[in-house]
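To be precise, the following lines are query31.txt, and they hold compact mmCIF, C-alpha atoms and all ligand atoms.
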```txt
# COMPACT_ATOMS: atom_id res chain seq x y z
CA MET A 4 0.00 0.00 0.00
CA ARG A 5 2.69 2.40 0.96
CA PHE A 6 4.42 1.69 -2.32
CA ASN A 7 1.29 2.51 -4.30
CA VAL A 8 0.86 5.84 -2.60
CA LEU A 9 4.40 6.84 -3.32
CA LEU A 10 3.98 5.83 -6.92
CA LEU A 11 0.98 8.11 -7.29
CA LEU A 12 2.83 11.04 -5.88
CA VAL A 13 5.46 10.57 -8.53
CA LEU A 14 3.10 9.97 -11.43
CA ILE A 15 0.77 12.93 -11.00
CA PRO A 16 3.25 15.68 -11.83
CA LEU A 17 4.60 13.67 -14.74
CA ALA A 18 1.15 13.26 -16.25
CA ALA A 19 0.41 16.98 -15.90
CA ARG A 20 3.53 17.95 -17.74
CA ALA A 21 2.76 15.55 -20.56
CA GLY A 22 -0.35 17.47 -21.60
CA ILE A 23 1.18 18.31 -24.96
CA VAL A 24 3.41 15.73 -26.57
CA PHE A 25 5.41 16.47 -29.70
CA ASP A 26 6.03 13.85 -32.35
CA PHE A 27 8.73 15.14 -34.69
CA GLN A 28 9.01 13.00 -37.79
CA TYR A 29 12.26 13.51 -39.66
CA GLY A 30 12.00 13.29 -43.44
CA ALA A 31 14.02 14.90 -46.23
CA GLY A 32 17.42 16.05 -45.05
CA ALA A 33 17.16 14.04 -41.86
CA ASN A 34 20.91 13.50 -42.16
CA TYR A 35 21.45 17.14 -41.13
CA TRP A 36 19.71 16.54 -37.83
CA THR A 37 22.06 15.41 -35.11
CA ASP A 38 21.10 13.97 -31.77
CA SER A 39 21.88 17.33 -30.18
CA SER A 40 19.74 19.38 -32.58
CA LYS A 41 16.87 16.93 -32.20
CA ALA A 42 17.20 17.20 -28.43
CA ALA A 43 17.23 21.00 -28.67
CA LEU A 44 14.05 20.99 -30.75
CA ASN A 45 12.36 18.75 -28.21
CA SER A 46 13.55 20.97 -25.39
CA ALA A 47 12.24 24.14 -27.06
CA ALA A 48 8.87 22.51 -27.74
CA ASN A 49 8.55 21.31 -24.15
CA THR A 50 9.47 24.76 -22.86
CA LEU A 51 6.54 26.19 -24.82
CA ALA A 52 4.24 23.41 -23.70
CA ASP A 53 5.01 24.21 -20.08
CA TYR A 54 3.39 27.62 -20.54
CA LEU A 55 0.08 26.05 -21.54
CA ILE A 56 -2.72 23.96 -20.11
CA VAL A 57 -4.74 21.54 -22.20
CA SER A 58 -8.09 20.08 -21.24
CA SER A 59 -7.03 16.67 -22.50
CA PRO A 60 -3.67 15.25 -23.56
CA VAL A 61 -2.78 15.96 -27.17
CA THR A 62 -0.01 14.81 -29.49
CA LEU A 63 1.19 17.28 -32.10
CA THR A 64 2.89 15.87 -35.18
CA PHE A 65 5.41 17.87 -37.16
CA ASP A 66 7.09 16.92 -40.41
CA VAL A 67 10.69 17.99 -39.94
CA THR A 68 13.14 18.53 -42.78
CA GLY A 69 16.65 19.92 -43.08
CA TYR A 70 18.87 21.46 -45.70
CA SER A 71 21.95 23.61 -46.13
CA SER A 72 21.76 26.82 -48.15
CA ASN A 73 23.87 29.97 -48.05
CA ASP A 74 21.03 32.44 -47.61
CA GLY A 75 19.39 34.55 -44.93
CA THR A 76 16.84 31.98 -43.87
CA LEU A 77 17.52 30.27 -40.58
CA ALA A 78 14.49 28.04 -40.35
CA SER A 79 10.84 27.93 -41.24
CA ALA A 80 7.76 26.43 -39.70
CA GLY A 81 4.14 26.26 -40.63
CA SER A 82 0.67 25.04 -39.88
CA SER A 83 -2.39 25.10 -42.09
CA ILE A 84 -5.45 27.32 -41.78
CA SER A 85 -8.97 26.81 -43.14
CA THR A 86 -10.13 29.12 -45.92
CA ALA A 87 -13.63 29.31 -44.47
CA SER A 88 -14.78 32.91 -43.91
CA GLY A 89 -13.74 34.21 -40.53
CA PHE A 90 -10.80 34.31 -38.17
CA ASN A 91 -9.45 30.77 -38.16
CA LYS A 92 -7.06 28.92 -35.95
CA THR A 93 -4.10 27.04 -37.32
CA THR A 94 -4.31 23.26 -37.29
CA ALA A 95 -1.80 23.09 -34.43
CA GLN A 96 -3.61 25.81 -32.49
CA ARG A 97 -7.00 24.14 -32.85
CA LYS A 98 -5.62 20.76 -31.85
CA ILE A 99 -3.94 22.09 -28.71
CA GLN A 100 -7.05 23.99 -27.67
CA THR A 101 -9.79 21.53 -28.60
CA GLY A 102 -8.14 18.21 -29.37
CA ILE A 103 -9.76 18.33 -32.82
CA ASP A 104 -7.46 17.35 -35.69
CA GLN A 105 -8.76 19.28 -38.70
CA ASN A 106 -6.44 17.68 -41.24
CA GLY A 107 -6.59 14.02 -40.30
CA THR A 108 -3.41 12.03 -40.69
CA THR A 109 -1.50 14.92 -42.23
CA ALA A 110 1.09 16.42 -39.90
CA ASP A 111 -0.17 19.30 -37.78
CA GLY A 112 2.80 21.40 -38.73
CA THR A 113 6.09 21.51 -40.57
CA ILE A 114 9.59 22.60 -39.63
CA ASN A 115 12.41 23.11 -42.10
CA TRP A 116 15.85 23.98 -40.78
CA ASN A 117 18.81 25.53 -42.58
CA PHE A 118 21.96 23.92 -41.24
CA TYR A 119 24.23 26.12 -43.32
CA HIS A 120 24.40 28.53 -40.41
CA ASN A 121 26.31 28.04 -37.20
CA TRP A 122 23.97 26.64 -34.56
CA ASP A 123 24.56 26.27 -30.87
CA THR A 124 22.13 23.70 -29.51
CA ASP A 125 22.97 23.86 -25.83
CA ASP A 126 22.29 26.50 -23.19
CA SER A 127 25.58 28.37 -23.44
CA ILE A 128 25.56 30.12 -26.80
CA SER A 129 28.97 30.82 -28.30
CA ALA A 130 29.72 34.09 -30.08
CA GLY A 131 28.94 33.85 -33.77
CA TYR A 132 26.43 31.06 -33.29
CA TYR A 133 22.65 31.21 -33.42
CA ASP A 134 20.61 30.12 -30.43
CA PHE A 135 18.91 26.99 -31.73
CA LYS A 136 16.35 26.66 -28.93
CA ALA A 137 15.32 30.31 -29.17
CA VAL A 138 14.75 30.10 -32.91
CA ALA A 139 12.80 26.87 -32.47
CA MET A 140 10.53 28.45 -29.86
CA HIS A 141 9.92 31.44 -32.13
CA GLU A 142 9.01 29.27 -35.10
CA LEU A 143 6.80 26.93 -33.12
CA LEU A 144 4.87 29.94 -31.81
CA HIS A 145 4.08 30.92 -35.39
CA ALA A 146 2.70 27.42 -35.93
CA PHE A 147 0.71 27.85 -32.72
CA GLY A 148 -1.10 30.79 -34.34
CA PHE A 149 1.16 33.82 -33.85
CA LEU A 150 0.79 34.68 -37.52
CA SER A 151 -1.14 36.84 -39.96
CA LEU A 152 -2.74 36.30 -43.34
CA ILE A 153 -2.63 40.03 -44.01
CA SER A 154 -0.54 40.62 -47.13
CA SER A 155 1.06 43.72 -48.59
CA ALA A 156 -2.14 44.47 -50.48
CA PRO A 157 -5.05 42.47 -49.06
CA SER A 158 -7.60 41.67 -51.74
CA HIS A 159 -11.10 43.09 -51.73
CA THR A 160 -12.57 39.60 -51.62
CA GLN A 161 -10.48 37.68 -49.09
CA THR A 162 -12.63 36.71 -46.11
CA TYR A 163 -10.42 34.16 -44.32
CA TRP A 164 -7.87 35.27 -41.77
CA SER A 165 -5.94 33.99 -38.82
CA ALA A 166 -7.26 34.26 -35.28
CA PHE A 167 -4.38 36.70 -34.71
CA ASP A 168 -5.81 38.98 -37.42
CA ASP A 169 -9.00 39.40 -35.40
CA PHE A 170 -6.99 41.66 -33.09
CA VAL A 171 -5.02 43.72 -35.62
CA VAL A 172 -6.03 47.33 -35.06
CA ASP A 173 -4.89 50.88 -35.73
CA SER A 174 -3.58 53.27 -33.10
CA ASN A 175 -7.15 54.08 -32.10
CA GLY A 176 -8.10 50.45 -31.63
CA ASN A 177 -10.19 50.17 -34.79
CA ALA A 178 -10.14 46.74 -36.44
CA ALA A 179 -8.42 46.49 -39.82
CA VAL A 180 -10.52 43.48 -40.82
CA SER A 181 -14.26 43.79 -40.28
CA ASN A 182 -15.71 41.43 -37.71
CA GLY A 183 -18.96 41.35 -39.67
CA THR A 184 -17.98 41.06 -43.33
CA TYR A 185 -14.45 39.71 -42.75
CA LEU A 186 -13.22 42.14 -45.40
CA TRP A 187 -10.03 44.15 -45.14
CA ASP A 188 -10.63 47.87 -44.85
CA THR A 189 -8.47 49.34 -47.61
CA SER A 190 -8.23 52.63 -45.76
CA TYR A 191 -5.65 50.82 -43.64
CA ASN A 192 -3.36 50.02 -46.57
CA THR A 193 -1.13 52.91 -45.50
CA ASN A 194 -0.83 51.45 -42.02
CA LEU A 195 0.65 48.25 -43.46
CA THR A 196 3.93 50.07 -43.93
CA GLY A 197 3.80 52.18 -40.81
CA GLY A 198 1.62 55.04 -42.05
CA ASN A 199 -1.04 56.60 -39.81
CA GLY A 200 0.70 55.11 -36.79
CA GLY A 201 1.03 51.60 -38.17
CA LEU A 202 -0.74 48.59 -36.74
CA TYR A 203 -1.16 47.13 -33.25
CA PHE A 204 -2.34 44.00 -31.51
CA GLY A 205 -5.47 44.94 -29.59
CA GLY A 206 -6.43 41.72 -27.81
CA PRO A 207 -7.63 42.47 -24.26
CA ASN A 208 -5.12 40.24 -22.46
CA ALA A 209 -2.14 41.57 -24.43
CA VAL A 210 -3.30 45.15 -23.95
CA ALA A 211 -3.68 44.59 -20.22
CA ALA A 212 -0.19 43.10 -20.02
CA PHE A 213 1.43 45.92 -21.98
CA GLY A 214 -0.72 48.77 -20.72
CA GLY A 215 -1.89 49.74 -24.19
CA LEU A 216 -2.15 48.60 -27.77
CA VAL A 217 0.88 46.44 -28.61
CA PRO A 218 2.98 47.76 -31.54
CA LEU A 219 3.37 45.33 -34.44
CA TYR A 220 6.24 45.40 -36.91
CA THR A 221 5.20 47.46 -39.94
CA PRO A 222 8.37 48.53 -41.77
CA SER A 223 8.46 50.43 -45.03
CA PRO A 224 8.69 48.94 -47.54
CA TRP A 225 6.54 45.95 -46.68
CA SER A 226 8.66 42.98 -45.65
CA SER A 227 7.08 39.73 -46.70
CA GLY A 228 7.17 37.26 -43.85
CA SER A 229 8.08 39.91 -41.30
CA SER A 230 5.42 42.60 -41.46
CA VAL A 231 2.42 42.55 -39.09
CA ALA A 232 3.00 39.05 -37.65
CA HIS A 233 5.76 40.11 -35.27
CA LEU A 234 6.15 42.51 -32.40
CA ASP A 235 7.70 45.80 -33.45
CA THR A 236 11.45 45.23 -33.42
CA THR A 237 12.04 48.97 -33.64
CA TYR A 238 10.04 49.50 -30.46
CA PHE A 239 11.01 46.49 -28.34
CA THR A 240 14.75 47.04 -28.20
CA GLY A 241 17.59 46.49 -25.79
CA ALA A 242 16.40 44.97 -22.53
CA ASN A 243 12.85 45.04 -23.92
CA LYS A 244 13.60 42.78 -26.87
CA LYS A 245 10.99 40.08 -27.29
CA LEU A 246 10.98 36.50 -28.49
CA MET A 247 8.52 37.46 -31.21
CA ASN A 248 10.53 40.36 -32.59
CA HIS A 249 11.06 39.88 -36.31
CA ALA A 250 14.76 39.13 -36.50
CA VAL A 251 17.52 37.39 -34.61
CA SER A 252 21.27 37.83 -34.50
CA THR A 253 23.98 35.49 -33.26
CA GLY A 254 24.69 34.97 -29.60
CA PRO A 255 22.40 34.20 -26.67
CA SER A 256 18.80 35.01 -27.47
CA ILE A 257 15.41 35.30 -25.81
CA ARG A 258 13.95 32.02 -24.62
CA THR A 259 11.13 33.25 -22.45
CA LEU A 260 7.71 34.60 -23.30
CA SER A 261 7.01 38.09 -22.03
CA ALA A 262 3.77 39.00 -20.30
CA ILE A 263 2.75 40.59 -23.62
CA GLU A 264 3.30 37.42 -25.59
CA LEU A 265 1.52 35.37 -22.94
CA GLY A 266 -1.38 37.81 -23.20
CA ILE A 267 -1.42 37.32 -26.97
CA LEU A 268 -1.56 33.56 -26.46
CA GLN A 269 -4.53 34.03 -24.13
CA ASP A 270 -6.22 36.23 -26.73
CA LEU A 271 -5.57 33.45 -29.27
CA GLY A 272 -7.54 31.09 -27.06
CA TYR A 273 -4.86 29.37 -25.01
CA MET A 274 -5.15 28.55 -21.34
CA LEU A 275 -1.97 29.47 -19.55
CA ALA A 276 -0.37 27.33 -16.90
CA GLU A 277 -0.58 28.95 -13.49
CA SER A 278 3.16 29.39 -13.39
CA SER A 279 2.98 31.35 -16.64
CA LEU A 280 0.75 33.98 -15.14
CA VAL A 281 3.65 35.44 -13.21
CA SER A 282 6.26 34.78 -15.87
CA ALA A 283 8.57 37.55 -17.00
CA SER A 284 9.86 38.21 -20.50
CA VAL A 285 12.61 38.75 -22.98
CA PRO A 286 13.04 37.93 -26.79
CA GLU A 287 15.14 37.77 -29.87
CA PRO A 288 15.07 38.96 -33.41
CA SER A 289 13.98 36.98 -36.40
CA THR A 290 12.39 37.36 -39.74
CA TRP A 291 10.05 35.02 -41.41
CA LEU A 292 8.65 34.73 -44.83
CA MET A 293 5.11 33.69 -45.33
CA SER A 294 4.01 31.83 -48.39
CA LEU A 295 0.54 30.60 -49.00
CA VAL A 296 -0.44 27.50 -50.89
CA THR A 297 -4.14 26.84 -51.20
CA ALA A 298 -5.22 23.24 -51.48
CA GLY A 299 -8.58 21.77 -50.70
CA GLY A 300 -9.85 24.68 -48.68
CA ILE A 301 -6.81 24.81 -46.48
CA VAL A 302 -4.06 27.35 -46.64
CA VAL A 303 -0.62 26.12 -45.74
CA VAL A 304 1.18 28.89 -43.94
CA LEU A 305 4.96 28.74 -43.94
CA LEU A 306 6.92 31.05 -41.72
CA ARG A 307 10.57 31.57 -42.36
CA ARG A 308 12.99 33.06 -39.94
CA ARG A 309 15.91 35.04 -41.19
CA ARG A 310 19.15 36.13 -39.72
CA LEU A 311 19.59 39.73 -38.84
CA ALA A 312 21.86 41.48 -41.31
CA LYS A 313 25.33 41.82 -39.94
CA LYS A 314 26.40 45.34 -39.19
ZN ZN A 401 9.05 35.06 -36.94
```
Would you write out, as C-alpha cells, the structure that this file holds?
Ligand SMILES: [Zn+2]
Amino acid sequence: MRFNVLLLLVLIPLAARAGIVFDFQYGAGANYWTDSSKAALNSAANTLADYLIVSSPVTLTFDVTGYSSNDGTLASAGSSISTASGFNKTTAQRKIQTGIDQNGTTADGTINWNFYHNWDTDDSISAGYYDFKAVAMHELLHAFGFLSLISSAPSHTQTYWSAFDDFVVDSNGNAAVSNGTYLWDTSYNTNLTGGNGGLYFGGPNAVAAFGGLVPLYTPSPWSSGSSVAHLDTTYFTGANKKLMNHAVSTGPSIRTLSAIELGILQDLGYMLAESSLVSASVPEPSTWLMSLVTAGGIVVVLLRRRRLAKK
C-alpha cells in the first residue's frame, strides 16, 4: 500500500507535464539533424508546452526537414489554416485547444531547418552562433497561431484570416478586418507600412499586459514574412527585446515569453499554466517569410525566420 501511494505522488506531476506531446518525424534532409539538434528541438517545444494547459492530452505531429543553403533563412515552420470565412485557428492551435485534428493524418505542422548557419544547440551560446532553442521556440509559436494572413495588399474579396488577425487594429483600436464582413478595410493600406501610426495587436489580455495597444512590426517597404505578424522590433529594443521580434542575431537570445506574448496567447484562445501567469519576459530577433499555398480549402502557412543582417 505504501508503495502505491508513493507511486501516485510521482506519477501525477509527470502526467500533468505531458499534456502536450510532440512527435517530430524527420523526413528529407534528416541526415542534417544530429542527436543534439533533435534534443534542442524537443527541449524548445517542451518549454513552450510548459506555458500552456490543455483540457485533455494531445499529441502534435510535425514533419521535420533539413537542408543547407547559403542564404538569410535560418528556419521555417508552418501550420495550415482553413479558408472558411472568418478568423481561423491554425491546425496546431486548434488541436492544442480543442483536441480536434482538422487535417486528419497529415502532420499538424512543418519545420524546415537551414543547417548552413552556425547553430549552438545547448544552453551556453557561443559568439557567432545562433541560439537553436530560441529560434525553435519562435518558429513553433508561429505554428501555434502567432501569424497573420494580411498581405502587402489584401484583396477586396479575401474573407479568411488567422485568429491573430481578429486583433489587428490601428492606433485608435479600430479593427483592420471587419468582424462582420471579414473584409479588409483598404483605408488601412497605409498602415501596413507604418503610415497613420502603423498597426497594433489589440487583444484584451495583451493590452492589459502591456498597458496599451501592442505595436506590431510594420516597416516600409513591406517585408514579406516579417510585417504585421511580429512585435515591433524597432520599439522592443535592448532589454525590452521580445521572443517574437522579427529578426535574430547570433549569440544568446530570448527564450522566455514576455507578459505581452503570454497575453497574446490568451487572446488566441490558449489557457496558460498557473506558473505562466507570473512569468517575465525577454526575446530575440527573427524574420520570417510567409508563403501561401491553397489546397482543398486549407491554406498552408509557412513562416521563415531570417538572420539579422550583420552590421
Ligand atoms: Zn518570426
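Counting all atoms listed in the file and comparing A:Thr237, A:Thr86, A:Asn117, A:Thr76, the residue that lies closest to ligand ZN 401 (chain A) is A:Thr76.
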- Leaving out stretch 232-236 of chain A and any residue of its chain fewer than 4 positions from it, which residues lie within 7 Å of it when counting all atoms listed in the file, given as a list of chain:residue names?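 Close residues of stretch 232-236 of chain A: A:Phe149, A:Leu150, A:Ser151, A:Pro218, A:Leu219, A:Tyr220, A:Thr240, A:Met247, A:Asn248, A:His249.
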For stretch 205-213 of chain A, work out the shell of residues within 12 Å, counting all atoms listed in the file and skipping chain neighbours fewer than 6 positions away, then give it as an NGL selection string.
:A and (166-179 or 219 or 234 or 239 or 243 or 261-275 or 280-284)
**Prompt:** Using all atoms listed in the file, which residues sit within 12 Å of A:Lys41 once same-chain residues fewer than 3 positions away are excluded, as a PyMOL selection string?
**Reply:** chain A and resi 25-29+33-38+44-48+67-69+114+116+124-125+135-136+139
Go ahead and dump the residues you just picked, C-alpha atoms, as a PDB file, in the frame of the given file.
```
ATOM      1  CA  PHE A  25       5.410  16.470 -29.700  1.00  0.00           C
ATOM      2  CA  ASP A  26       6.030  13.850 -32.350  1.00  0.00           C
ATOM      3  CA  PHE A  27       8.730  15.140 -34.690  1.00  0.00           C
ATOM      4  CA  GLN A  28       9.010  13.000 -37.790  1.00  0.00           C
ATOM      5  CA  TYR A  29      12.260  13.510 -39.660  1.00  0.00           C
ATOM      6  CA  ALA A  33      17.160  14.040 -41.860  1.00  0.00           C
ATOM      7  CA  ASN A  34      20.910  13.500 -42.160  1.00  0.00           C
ATOM      8  CA  TYR A  35      21.450  17.140 -41.130  1.00  0.00           C
ATOM      9  CA  TRP A  36      19.710  16.540 -37.830  1.00  0.00           C
ATOM     10  CA  THR A  37      22.060  15.410 -35.110  1.00  0.00           C
ATOM     11  CA  ASP A  38      21.100  13.970 -31.770  1.00  0.00           C
ATOM     12  CA  LEU A  44      14.050  20.990 -30.750  1.00  0.00           C
ATOM     13  CA  ASN A  45      12.360  18.750 -28.210  1.00  0.00           C
ATOM     14  CA  SER A  46      13.550  20.970 -25.390  1.00  0.00           C
ATOM     15  CA  ALA A  47      12.240  24.140 -27.060  1.00  0.00           C
ATOM     16  CA  ALA A  48       8.870  22.510 -27.740  1.00  0.00           C
ATOM     17  CA  VAL A  67      10.690  17.990 -39.940  1.00  0.00           C
ATOM     18  CA  THR A  68      13.140  18.530 -42.780  1.00  0.00           C
ATOM     19  CA  GLY A  69      16.650  19.920 -43.080  1.00  0.00           C
ATOM     20  CA  ILE A 114       9.590  22.600 -39.630  1.00  0.00           C
ATOM     21  CA  TRP A 116      15.850  23.980 -40.780  1.00  0.00           C
ATOM     22  CA  THR A 124      22.130  23.700 -29.510  1.00  0.00           C
ATOM     23  CA  ASP A 125      22.970  23.860 -25.830  1.00  0.00           C
ATOM     24  CA  PHE A 135      18.910  26.990 -31.730  1.00  0.00           C
ATOM     25  CA  LYS A 136      16.350  26.660 -28.930  1.00  0.00           C
ATOM     26  CA  ALA A 139      12.800  26.870 -32.470  1.00  0.00           C
TER      27      ALA A 139
END
```
Which residue is closest to A:Trp164? Choose from A:Asn194, A:Ser83, A:Ser230, A:Thr113 and count all atoms listed in the file.
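Counting all atoms listed in the file, the residue closest to A:Trp164 is A:Ser83.
For the set A:Val61, A:Met140, A:Ile56, A:Ile257, the residue with the smallest atom-to-atom gap to ligand ZN 401 (chain A) is A:Met140, counting only C-alpha atoms and all ligand atoms.
Distances to ligand ZN 401 (chain A) were evaluated for A:Trp122, A:Tyr54, A:Phe147, A:Phe65 using only C-alpha atoms and all ligand atoms, and the minimum falls at A:Phe147.
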Computed gap from atom ZN of ligand ZN 401 (chain A) to atom CA of A:Ser72 is 18.8 Å
Could you work out an axis-aligned bounding box for all listed atoms of stretch 184-197 of chain A, with 6 Å added on each of the six sides, and give its centre and edge lengths in Å to one decimal, as AutoDock Vina command-line options?
```
--center_x -7.0 --center_y 46.3 --center_z -44.2 --size_x 33.9 --size_y 25.2 --size_z 18.8
```
Using all atoms listed in the file for the distances, tell me which of A:Asn49, A:Ser229, A:Gln96, A:Thr62 is nearest to ligand ZN 401 (chain A).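 That would be A:Ser229, the residue with the smallest distance to ligand ZN 401 (chain A).
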Please identify all polymer residues within 12 Å of A:Pro224, counting all atoms listed in the file, omitting same-chain residues fewer than 6 positions from it, and present them as a PDB file with C-alpha atoms, in the coordinates of the input.
```
ATOM      1  CA  SER A 155       1.060  43.720 -48.590  1.00  0.00           C
ATOM      2  CA  THR A 193      -1.130  52.910 -45.500  1.00  0.00           C
ATOM      3  CA  ASN A 194      -0.830  51.450 -42.020  1.00  0.00           C
ATOM      4  CA  LEU A 195       0.650  48.250 -43.460  1.00  0.00           C
ATOM      5  CA  THR A 196       3.930  50.070 -43.930  1.00  0.00           C
ATOM      6  CA  GLY A 197       3.800  52.180 -40.810  1.00  0.00           C
ATOM      7  CA  GLY A 198       1.620  55.040 -42.050  1.00  0.00           C
ATOM      8  CA  SER A 230       5.420  42.600 -41.460  1.00  0.00           C
TER       9      SER A 230
END
```
Could you add whatever atoms are missing so that stretch 80-98 of chain A carries N, CA and C atoms, then write the result as a PDB file, keeping the file's coordinate frame?
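So rebuild.pdb came out as:
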```pdb
ATOM      1  N   ALA A  80       8.737  27.342 -40.287  1.00  0.00           N
ATOM      2  CA  ALA A  80       7.760  26.430 -39.700  1.00  0.00           C
ATOM      3  C   ALA A  80       6.397  26.832 -40.200  1.00  0.00           C
ATOM      4  N   GLY A  81       5.466  25.936 -40.136  1.00  0.00           N
ATOM      5  CA  GLY A  81       4.140  26.260 -40.630  1.00  0.00           C
ATOM      6  C   GLY A  81       3.075  25.377 -40.051  1.00  0.00           C
ATOM      7  N   SER A  82       1.837  25.824 -40.249  1.00  0.00           N
ATOM      8  CA  SER A  82       0.670  25.040 -39.880  1.00  0.00           C
ATOM      9  C   SER A  82      -0.454  25.559 -40.763  1.00  0.00           C
ATOM     10  N   SER A  83      -1.356  24.710 -41.138  1.00  0.00           N
ATOM     11  CA  SER A  83      -2.390  25.100 -42.090  1.00  0.00           C
ATOM     12  C   SER A  83      -3.546  25.828 -41.424  1.00  0.00           C
ATOM     13  N   ILE A  84      -4.281  26.569 -42.249  1.00  0.00           N
ATOM     14  CA  ILE A  84      -5.450  27.320 -41.780  1.00  0.00           C
ATOM     15  C   ILE A  84      -6.590  27.107 -42.781  1.00  0.00           C
ATOM     16  N   SER A  85      -7.791  26.952 -42.279  1.00  0.00           N
ATOM     17  CA  SER A  85      -8.970  26.810 -43.140  1.00  0.00           C
ATOM     18  C   SER A  85      -9.224  28.093 -43.912  1.00  0.00           C
ATOM     19  N   THR A  86      -9.773  27.942 -45.124  1.00  0.00           N
ATOM     20  CA  THR A  86     -10.130  29.120 -45.920  1.00  0.00           C
ATOM     21  C   THR A  86     -11.617  29.458 -45.773  1.00  0.00           C
ATOM     22  N   ALA A  87     -12.247  28.908 -44.747  1.00  0.00           N
ATOM     23  CA  ALA A  87     -13.630  29.310 -44.470  1.00  0.00           C
ATOM     24  C   ALA A  87     -13.633  30.777 -44.016  1.00  0.00           C
ATOM     25  N   SER A  88     -14.701  31.512 -44.307  1.00  0.00           N
ATOM     26  CA  SER A  88     -14.780  32.910 -43.910  1.00  0.00           C
ATOM     27  C   SER A  88     -14.687  33.037 -42.393  1.00  0.00           C
ATOM     28  N   GLY A  89     -13.856  33.974 -41.967  1.00  0.00           N
ATOM     29  CA  GLY A  89     -13.740  34.210 -40.530  1.00  0.00           C
ATOM     30  C   GLY A  89     -12.305  34.279 -40.081  1.00  0.00           C
ATOM     31  N   PHE A  90     -12.135  34.296 -38.775  1.00  0.00           N
ATOM     32  CA  PHE A  90     -10.800  34.310 -38.170  1.00  0.00           C
ATOM     33  C   PHE A  90     -10.510  32.895 -37.679  1.00  0.00           C
ATOM     34  N   ASN A  91      -9.627  32.213 -38.362  1.00  0.00           N
ATOM     35  CA  ASN A  91      -9.450  30.770 -38.160  1.00  0.00           C
ATOM     36  C   ASN A  91      -8.153  30.428 -37.451  1.00  0.00           C
ATOM     37  N   LYS A  92      -8.242  29.382 -36.658  1.00  0.00           N
ATOM     38  CA  LYS A  92      -7.060  28.920 -35.950  1.00  0.00           C
ATOM     39  C   LYS A  92      -6.228  28.010 -36.853  1.00  0.00           C
ATOM     40  N   THR A  93      -4.930  27.980 -36.589  1.00  0.00           N
ATOM     41  CA  THR A  93      -4.100  27.040 -37.320  1.00  0.00           C
ATOM     42  C   THR A  93      -4.438  25.626 -36.845  1.00  0.00           C
ATOM     43  N   THR A  94      -4.038  24.653 -37.648  1.00  0.00           N
ATOM     44  CA  THR A  94      -4.310  23.260 -37.290  1.00  0.00           C
ATOM     45  C   THR A  94      -3.697  22.916 -35.936  1.00  0.00           C
ATOM     46  N   ALA A  95      -2.466  23.366 -35.712  1.00  0.00           N
ATOM     47  CA  ALA A  95      -1.800  23.090 -34.430  1.00  0.00           C
ATOM     48  C   ALA A  95      -2.522  23.783 -33.281  1.00  0.00           C
ATOM     49  N   GLN A  96      -2.904  25.024 -33.509  1.00  0.00           N
ATOM     50  CA  GLN A  96      -3.610  25.810 -32.490  1.00  0.00           C
ATOM     51  C   GLN A  96      -4.942  25.169 -32.110  1.00  0.00           C
ATOM     52  N   ARG A  97      -5.701  24.764 -33.110  1.00  0.00           N
ATOM     53  CA  ARG A  97      -7.000  24.140 -32.850  1.00  0.00           C
ATOM     54  C   ARG A  97      -6.834  22.822 -32.098  1.00  0.00           C
ATOM     55  N   LYS A  98      -5.814  22.063 -32.489  1.00  0.00           N
ATOM     56  CA  LYS A  98      -5.620  20.760 -31.850  1.00  0.00           C
ATOM     57  C   LYS A  98      -5.229  20.907 -30.385  1.00  0.00           C
TER      58      LYS A  98
END
```
